[in-house]
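K.L.:
So I've got this file, protein-v2.pdb, and it contains PDB, C-alpha atoms:
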```pdb
ATOM      1  CA  MET A 398       4.057  15.661   4.161
ATOM      2  CA  PHE A 399       0.665  14.005   3.752
ATOM      3  CA  HIS A 400      -0.643  16.992   1.787
ATOM      4  CA  GLN A 401       2.411  16.849  -0.462
ATOM      5  CA  CYS A 402       1.728  13.145  -1.090
ATOM      6  CA  VAL A 403      -1.862  13.938  -2.043
ATOM      7  CA  VAL A 404      -0.666  16.610  -4.464
ATOM      8  CA  TRP A 405       2.021  14.295  -5.872
ATOM      9  CA  LEU A 406      -0.438  11.419  -6.334
ATOM     10  CA  SER A 407      -2.932  13.775  -7.925
ATOM     11  CA  GLU A 408      -0.327  14.909 -10.433
ATOM     12  CA  THR A 409       0.988  11.429 -11.235
ATOM     13  CA  ALA A 410      -2.251   9.398 -11.045
ATOM     14  CA  GLY A 411      -2.882  10.039 -14.715
ATOM     15  CA  GLN A 412       0.595   8.799 -15.593
ATOM     16  CA  TRP A 413       1.138   5.959 -13.109
ATOM     17  CA  GLY A 414      -2.381   5.261 -11.873
ATOM     18  CA  TYR A 415      -2.887   2.001 -10.014
ATOM     19  CA  PRO A 416       0.395   0.471 -11.268
ATOM     20  CA  GLY A 417       2.111   3.301  -9.393
ATOM     21  CA  ILE A 418       0.429   2.189  -6.162
ATOM     22  CA  VAL A 419       1.496  -1.390  -6.859
ATOM     23  CA  LEU A 420       5.094  -0.282  -7.375
ATOM     24  CA  LEU A 421       5.238   1.942  -4.292
ATOM     25  CA  MET A 422       3.661  -0.709  -2.062
ATOM     26  CA  ALA A 423       6.050  -3.321  -3.445
ATOM     27  CA  LEU A 424       8.918  -1.049  -2.405
ATOM     28  CA  GLU A 425       7.338  -0.584   1.026
ATOM     29  CA  SER A 426       6.975  -4.336   1.463
ATOM     30  CA  SER A 427      10.579  -5.089   0.540
ATOM     31  CA  PHE A 428      13.801  -3.549   1.867
ATOM     32  CA  PHE A 429      13.157   0.034   0.818
ATOM     33  CA  PRO A 430      12.051   2.397   3.630
ATOM     34  CA  PHE A 431       8.939   3.679   1.874
ATOM     35  CA  PRO A 432       6.051   3.758   4.393
ATOM     36  CA  SER A 433       2.624   2.570   3.281
ATOM     37  CA  GLU A 434       1.135   5.408   5.351
ATOM     38  CA  VAL A 435       2.154   7.898   2.663
ATOM     39  CA  VAL A 436       0.795   5.812  -0.219
ATOM     40  CA  ILE A 437      -2.604   4.342   0.602
ATOM     41  CA  PRO A 438      -4.311   7.132   2.637
ATOM     42  CA  PRO A 439      -3.639   9.812  -0.018
ATOM     43  CA  ALA A 440      -4.795   7.427  -2.757
ATOM     44  CA  ALA A 441      -7.952   6.649  -0.750
ATOM     45  CA  TYR A 442      -8.538  10.363  -0.332
ATOM     46  CA  LEU A 443      -8.389  10.692  -4.112
ATOM     47  CA  ALA A 444     -10.972   7.905  -4.269
ATOM     48  CA  ALA A 445     -13.208   9.867  -1.906
ATOM     49  CA  SER A 446     -12.799  12.819  -4.264
ATOM     50  CA  GLY A 447     -13.879  10.673  -7.216
ATOM     51  CA  LYS A 448     -10.456  10.657  -8.877
ATOM     52  CA  MET A 449      -9.698   6.987  -8.164
ATOM     53  CA  ASN A 450     -11.636   3.842  -7.278
ATOM     54  CA  LEU A 451     -11.393   2.722  -3.647
ATOM     55  CA  SER A 452     -11.619  -0.996  -4.447
ATOM     56  CA  MET A 453      -8.841  -0.679  -7.010
ATOM     57  CA  VAL A 454      -6.714   1.259  -4.520
ATOM     58  CA  ILE A 455      -7.087  -1.574  -1.995
ATOM     59  CA  LEU A 456      -6.487  -4.252  -4.620
ATOM     60  CA  SER A 457      -3.417  -2.445  -5.981
ATOM     61  CA  GLY A 458      -2.015  -1.883  -2.507
ATOM     62  CA  THR A 459      -2.486  -5.520  -1.546
ATOM     63  CA  ALA A 460      -0.961  -6.753  -4.817
ATOM     64  CA  GLY A 461       2.050  -4.486  -4.349
ATOM     65  CA  SER A 462       2.546  -5.692  -0.779
ATOM     66  CA  LEU A 463       2.454  -9.295  -1.959
ATOM     67  CA  LEU A 464       4.977  -8.627  -4.735
ATOM     68  CA  GLY A 465       7.402  -6.961  -2.347
ATOM     69  CA  ALA A 466       7.006  -9.780   0.164
ATOM     70  CA  LEU A 467       7.645 -12.339  -2.570
ATOM     71  CA  LEU A 468      10.892 -10.555  -3.441
ATOM     72  CA  ASN A 469      12.091 -10.858   0.156
ATOM     73  CA  TYR A 470      10.905 -14.461   0.298
ATOM     74  CA  TRP A 471      12.775 -15.321  -2.916
ATOM     75  CA  LEU A 472      15.971 -13.641  -1.723
ATOM     76  CA  ALA A 473      15.789 -15.542   1.572
ATOM     77  CA  VAL A 474      15.205 -18.842  -0.243
ATOM     78  CA  GLN A 475      18.029 -18.257  -2.713
ATOM     79  CA  PHE A 476      20.653 -16.741  -0.435
ATOM     80  CA  GLY A 477      19.473 -16.811   3.186
ATOM     81  CA  LEU A 478      19.553 -20.527   3.962
ATOM     82  CA  PRO A 479      22.809 -21.293   2.059
ATOM     83  CA  PHE A 480      24.450 -18.327   3.794
ATOM     84  CA  LEU A 481      23.290 -19.385   7.256
ATOM     85  CA  GLU A 482      24.219 -23.010   6.648
ATOM     86  CA  ARG A 483      27.733 -21.915   5.706
ATOM     87  CA  TYR A 484      28.354 -19.014   8.063
ATOM     88  CA  GLY A 485      25.656 -19.415  10.713
ATOM     89  CA  ARG A 486      28.078 -20.799  13.295
ATOM     90  CA  TYR A 487      29.953 -17.484  13.201
ATOM     91  CA  LEU A 488      26.674 -15.745  14.011
ATOM     92  CA  LEU A 489      25.909 -18.226  16.800
ATOM     93  CA  ILE A 490      23.170 -19.839  14.698
ATOM     94  CA  SER A 491      23.507 -23.598  14.932
ATOM     95  CA  PRO A 492      22.178 -26.178  12.445
ATOM     96  CA  GLN A 493      19.778 -27.247  15.195
ATOM     97  CA  ALA A 494      18.394 -23.708  15.395
ATOM     98  CA  LEU A 495      17.849 -23.656  11.635
ATOM     99  CA  GLU A 496      16.048 -26.985  11.849
ATOM    100  CA  LYS A 497      13.817 -25.690  14.650
ATOM    101  CA  SER A 498      13.032 -22.596  12.576
ATOM    102  CA  HIS A 499      12.110 -24.806   9.633
ATOM    103  CA  LEU A 500       9.812 -26.945  11.775
ATOM    104  CA  PHE A 501       8.243 -23.861  13.367
ATOM    105  CA  PHE A 502       7.300 -22.350  10.009
ATOM    106  CA  GLU A 503       6.011 -25.711   8.811
ATOM    107  CA  ARG A 504       3.592 -25.798  11.734
ATOM    108  CA  HIS A 505       2.907 -22.153  12.479
ATOM    109  CA  GLY A 506       4.141 -20.229   9.440
ATOM    110  CA  HIS A 507       0.677 -19.245   8.255
ATOM    111  CA  ILE A 508      -0.232 -17.618  11.584
ATOM    112  CA  SER A 509       3.194 -16.017  12.037
ATOM    113  CA  THR A 510       3.161 -14.528   8.546
ATOM    114  CA  PHE A 511      -0.433 -13.311   8.845
ATOM    115  CA  ILE A 512       0.140 -11.618  12.214
ATOM    116  CA  GLY A 513       3.524 -10.273  11.125
ATOM    117  CA  ARG A 514       1.941  -8.469   8.177
ATOM    118  CA  LEU A 515      -0.250  -6.523  10.615
ATOM    119  CA  LEU A 516       2.542  -5.288  12.892
ATOM    120  CA  PRO A 517       4.598  -2.138  12.197
ATOM    121  CA  GLY A 518       8.308  -2.803  11.947
ATOM    122  CA  ILE A 519       7.750  -6.505  11.349
ATOM    123  CA  ARG A 520       5.613  -6.614   8.204
ATOM    124  CA  GLN A 521       8.538  -5.867   5.900
ATOM    125  CA  TYR A 522      10.773  -8.565   7.380
ATOM    126  CA  ILE A 523       8.504 -11.510   8.221
ATOM    127  CA  SER A 524       9.090 -12.790   4.679
ATOM    128  CA  LEU A 525      12.774 -13.385   5.411
ATOM    129  CA  PRO A 526      12.468 -16.105   8.078
ATOM    130  CA  ALA A 527       9.621 -17.625   6.060
ATOM    131  CA  GLY A 528      11.933 -17.872   3.060
ATOM    132  CA  VAL A 529      14.852 -19.203   5.078
ATOM    133  CA  ALA A 530      12.563 -21.901   6.510
ATOM    134  CA  ARG A 531      11.301 -22.710   2.993
ATOM    135  CA  MET A 532       7.683 -22.122   4.016
ATOM    136  CA  GLY A 533       5.199 -23.382   1.397
ATOM    137  CA  LEU A 534       4.772 -20.758  -1.300
ATOM    138  CA  LEU A 535       0.979 -20.988  -1.556
ATOM    139  CA  THR A 536       0.581 -20.796   2.217
ATOM    140  CA  PHE A 537       2.970 -17.857   2.335
ATOM    141  CA  CYS A 538       1.085 -16.011  -0.413
ATOM    142  CA  GLY A 539      -2.300 -16.649   1.222
ATOM    143  CA  ALA A 540      -1.220 -15.490   4.683
ATOM    144  CA  THR A 541       0.640 -12.489   3.263
ATOM    145  CA  ALA A 542      -2.242 -11.368   1.041
ATOM    146  CA  LEU A 543      -4.741 -11.683   3.890
ATOM    147  CA  GLY A 544      -2.646  -9.763   6.400
ATOM    148  CA  ALA A 545      -1.553  -7.135   3.894
ATOM    149  CA  GLY A 546      -5.111  -6.754   2.624
ATOM    150  CA  ILE A 547      -6.418  -6.002   6.108
ATOM    151  CA  TRP A 548      -3.694  -3.426   6.712
ATOM    152  CA  VAL A 549      -4.300  -1.764   3.352
ATOM    153  CA  MET A 550      -8.048  -1.605   4.055
ATOM    154  CA  VAL A 551      -7.356   0.067   7.407
ATOM    155  CA  LEU A 552      -5.143   2.679   5.759
ATOM    156  CA  ALA A 553      -7.646   3.175   2.946
ATOM    157  CA  GLY A 554     -10.454   3.693   5.454
ATOM    158  CA  LEU A 555      -8.462   6.352   7.281
ATOM    159  CA  GLY A 556      -7.592   8.124   4.054
ATOM    160  CA  PHE A 557     -11.149   7.910   2.739
ATOM    161  CA  TRP A 558     -12.738   9.394   5.868
ATOM    162  CA  PHE A 559     -10.051  11.734   7.194
ATOM    163  CA  GLY A 560      -7.954  12.422   4.107
ATOM    164  CA  ARG A 561      -8.370  16.169   4.259
ATOM    165  CA  ASN A 562      -6.792  16.334   7.719
ATOM    166  CA  GLU A 563      -3.286  14.902   8.015
ATOM    167  CA  GLN A 564      -3.253  15.194  11.803
ATOM    168  CA  ARG A 565      -6.499  13.235  12.146
ATOM    169  CA  VAL A 566      -5.116  10.522   9.881
ATOM    170  CA  LEU A 567      -1.921  10.222  11.928
ATOM    171  CA  HIS A 568      -3.783  10.421  15.240
ATOM    172  CA  ASN A 569      -6.237   7.704  14.266
ATOM    173  CA  LEU A 570      -3.454   5.626  12.728
ATOM    174  CA  HIS A 571      -1.675   5.656  16.093
ATOM    175  CA  TRP A 572      -4.721   4.273  17.873
ATOM    176  CA  VAL A 573      -5.447   1.804  15.113
ATOM    177  CA  SER A 574      -1.867   0.500  15.342
ATOM    178  CA  LEU A 575      -2.211   0.050  19.100
ATOM    179  CA  GLY A 576      -5.545  -1.701  18.601
ATOM    180  CA  MET A 577      -4.032  -3.931  15.927
ATOM    181  CA  LEU A 578      -1.185  -4.865  18.276
ATOM    182  CA  THR A 579      -3.668  -5.740  21.019
ATOM    183  CA  VAL A 580      -5.860  -7.838  18.725
ATOM    184  CA  CYS A 581      -2.839  -9.662  17.305
ATOM    185  CA  SER A 582      -1.555 -10.393  20.812
ATOM    186  CA  ILE A 583      -4.925 -11.853  21.832
ATOM    187  CA  PHE A 584      -5.161 -13.820  18.584
ATOM    188  CA  ALA A 585      -1.664 -15.231  19.085
ATOM    189  CA  LEU A 586      -2.447 -16.154  22.694
ATOM    190  CA  VAL A 587      -5.664 -17.953  21.725
ATOM    191  CA  TYR A 588      -3.827 -19.797  18.950
ATOM    192  CA  TRP A 589      -1.044 -20.836  21.345
ATOM    193  CA  LEU A 590      -3.537 -22.085  23.949
ATOM    194  CA  ARG A 591      -5.420 -24.108  21.354
ATOM    195  CA  GLN A 592      -2.199 -25.634  20.065
ATOM    196  CA  LYS A 593      -1.158 -26.453  23.618
ATOM    197  CA  GLN A 594      -4.460 -28.234  24.240
ATOM    198  CA  ARG A 595      -3.926 -30.418  21.174
ATOM    199  CA  VAL A 596      -0.556 -31.658  22.392
TER     200      VAL A 596
END
```
What would you get if you wrote out this structure as structure tokens?
P.N.:
Amino acid sequence: MFHQCVVWLSETAGQWGYPGIVLLMALESSFFPFPSEVVIPPAAYLAASGKMNLSMVILSGTAGSLLGALLNYWLAVQFGLPFLERYGRYLLISPQALEKSHLFFERHGHISTFIGRLLPGIRQYISLPAGVARMGLLTFCGATALGAGIWVMVLAGLGFWFGRNEQRVLHNLHWVSLGMLTVCSIFALVYWLRQKQRV
């Protein structure tokens, strides 16, 4: 599959180029099940082969992730909160719970969004509660871009160094994901302890 993605990107790079990476990463960051693991590593491998620029791959990937996250955020702002305010009681979501969610993202939204962007299975959906809670747009964009940028750089590094070997990419990606989960857990714990000390 990875080899096929490399071939496909090689064939379409001249037509889509970096805007293609932006589009695919925007899809990955929204509701569409398009994994970033089949976009950035092959593109980074092409950069290692001299066919693309690694910095532009990372920039395009980060920009696409931000665009997709903004789509989810906008949908949650436009439809999520009105829907939950009207029908939340049928889903066992009380007005008090919505208020607590709003207050949580006011205080801790930047950390939650940043960490969420680094975790598989969460990065695509962290924008939804942020939008429902009406998290500040600039804060949301900053936290999203930072978290997404780190993840894209990790994927680009794997593709750049191990792009010829799909199994090595997937093997290292597994350990990187576990390491990312561990670091995020420690970071969240330290943040929680510091916040607790301030109270």
K.L.:
By how many Å are atom CA of Gly556 of chain A and atom CA of Thr510 of chain A apart?
P.N.:
25.5 Å
K.L.:
Could you give me, as a list of chain:residue names, the residues within 12 Å of Ile508 of chain A, counting all atoms listed in the file and dropping anything in the same chain fewer than 4 positions from it?
P.N.:
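Surrounding residues, per the criterion: A:Phe501, A:Phe502, A:Glu503, A:Arg504, A:Ile512, A:Gly513, A:Arg514, A:Leu515, A:Ile523, A:Ala527, A:Met532, A:Thr536, A:Phe537, A:Gly539, A:Ala540, A:Thr541, A:Leu543, A:Gly544, A:Cys581, A:Ser582, A:Phe584, A:Ala585, A:Leu586, A:Val587, A:Tyr588, A:Trp589, A:Gln592.
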K.L.:
Kindly list the centre and edge lengths in Å, rounded to one decimal, for the axis-aligned box that covers all listed atoms of segment 536-550 of chain A plus 3 Å on each of its six sides, as AutoDock Vina command-line options.
P.N.:
```
--center_x -2.5 --center_y -11.2 --center_z 3.1 --size_x 17.0 --size_y 25.2 --size_z 13.1
```
K.L.:
What does the distance between atom CA of Phe557 of chain A and atom CA of Gly458 of chain A come to in Å, to one decimal place?
P.N.:
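Spanning atom CA of Phe557 of chain A to atom CA of Gly458 of chain A is a straight-line distance of 14.4 Å.
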K.L.:
Which residues, written as a short mmCIF file (atom, residue, chain, number, x, y, z; two decimals) with C-alpha atoms, keeping the file's coordinate frame, have at least one atom at most 6 Å from segment 548-554 of chain A, with all atoms listed in the file counted and residues fewer than 4 positions away on the same chain left out?
P.N.:
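Everything below was put into part_30.cif:
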```cif
data_model
loop_
_atom_site.label_atom_id
_atom_site.label_comp_id
_atom_site.auth_asym_id
_atom_site.auth_seq_id
_atom_site.Cartn_x
_atom_site.Cartn_y
_atom_site.Cartn_z
CA ILE A 437 -2.60 4.34 0.60
CA PRO A 438 -4.31 7.13 2.64
CA ALA A 441 -7.95 6.65 -0.75
#
```
K.L.:
Could you tell me how far atom CA of Ala460 of chain A lies from atom CA of Ser509 of chain A, in Å and to one decimal?
P.N.:
19.7 Å
K.L.:
Applied to this file, what does the PyMOL selection byres ((chain A and resi 473-479) around 10) return in terms of residues, put as a list in words?
P.N.:
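Written out, the selection comes to Leu467, Leu468, Asn469, Tyr470, Trp471, Leu472, Phe480, Leu481, Glu482, Arg483, Tyr484, Gly485, Leu495, Ser524, Leu525, Pro526, Ala527, Gly528, Val529, Ala530, Arg531 and Met532 of chain A.
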K.L.:
Running the PyMOL selection byres ((chain A and resi 462) around 8) on this model by hand, what would come out? Give it as a tab-separated table (two decimals) with C-alpha atoms, keeping the file's coordinate frame.
P.N.:
```tsv
chain	number	residue	atom	x	y	z
A	419	VAL	CA	1.50	-1.39	-6.86
A	422	MET	CA	3.66	-0.71	-2.06
A	423	ALA	CA	6.05	-3.32	-3.44
A	425	GLU	CA	7.34	-0.58	1.03
A	426	SER	CA	6.98	-4.34	1.46
A	458	GLY	CA	-2.02	-1.88	-2.51
A	459	THR	CA	-2.49	-5.52	-1.55
A	460	ALA	CA	-0.96	-6.75	-4.82
A	461	GLY	CA	2.05	-4.49	-4.35
A	463	LEU	CA	2.45	-9.30	-1.96
A	464	LEU	CA	4.98	-8.63	-4.74
A	465	GLY	CA	7.40	-6.96	-2.35
A	466	ALA	CA	7.01	-9.78	0.16
A	542	ALA	CA	-2.24	-11.37	1.04
A	545	ALA	CA	-1.55	-7.14	3.89
```
K.L.:
With distances taken over only C-alpha atoms, which residue among A:Lys448, A:Val454, A:Gly518, A:Met577 lies nearest Pro416 of chain A?
P.N.:
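Result for the nearest residue to Pro416 of chain A: A:Val454.
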K.L.:
Could you check which of A:Ile418, A:Val435, A:Leu534, A:Leu424 is closest to Leu555 of chain A, using only C-alpha atoms?
P.N.:
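Among the listed residues, A:Val435 lies closest to Leu555 of chain A.
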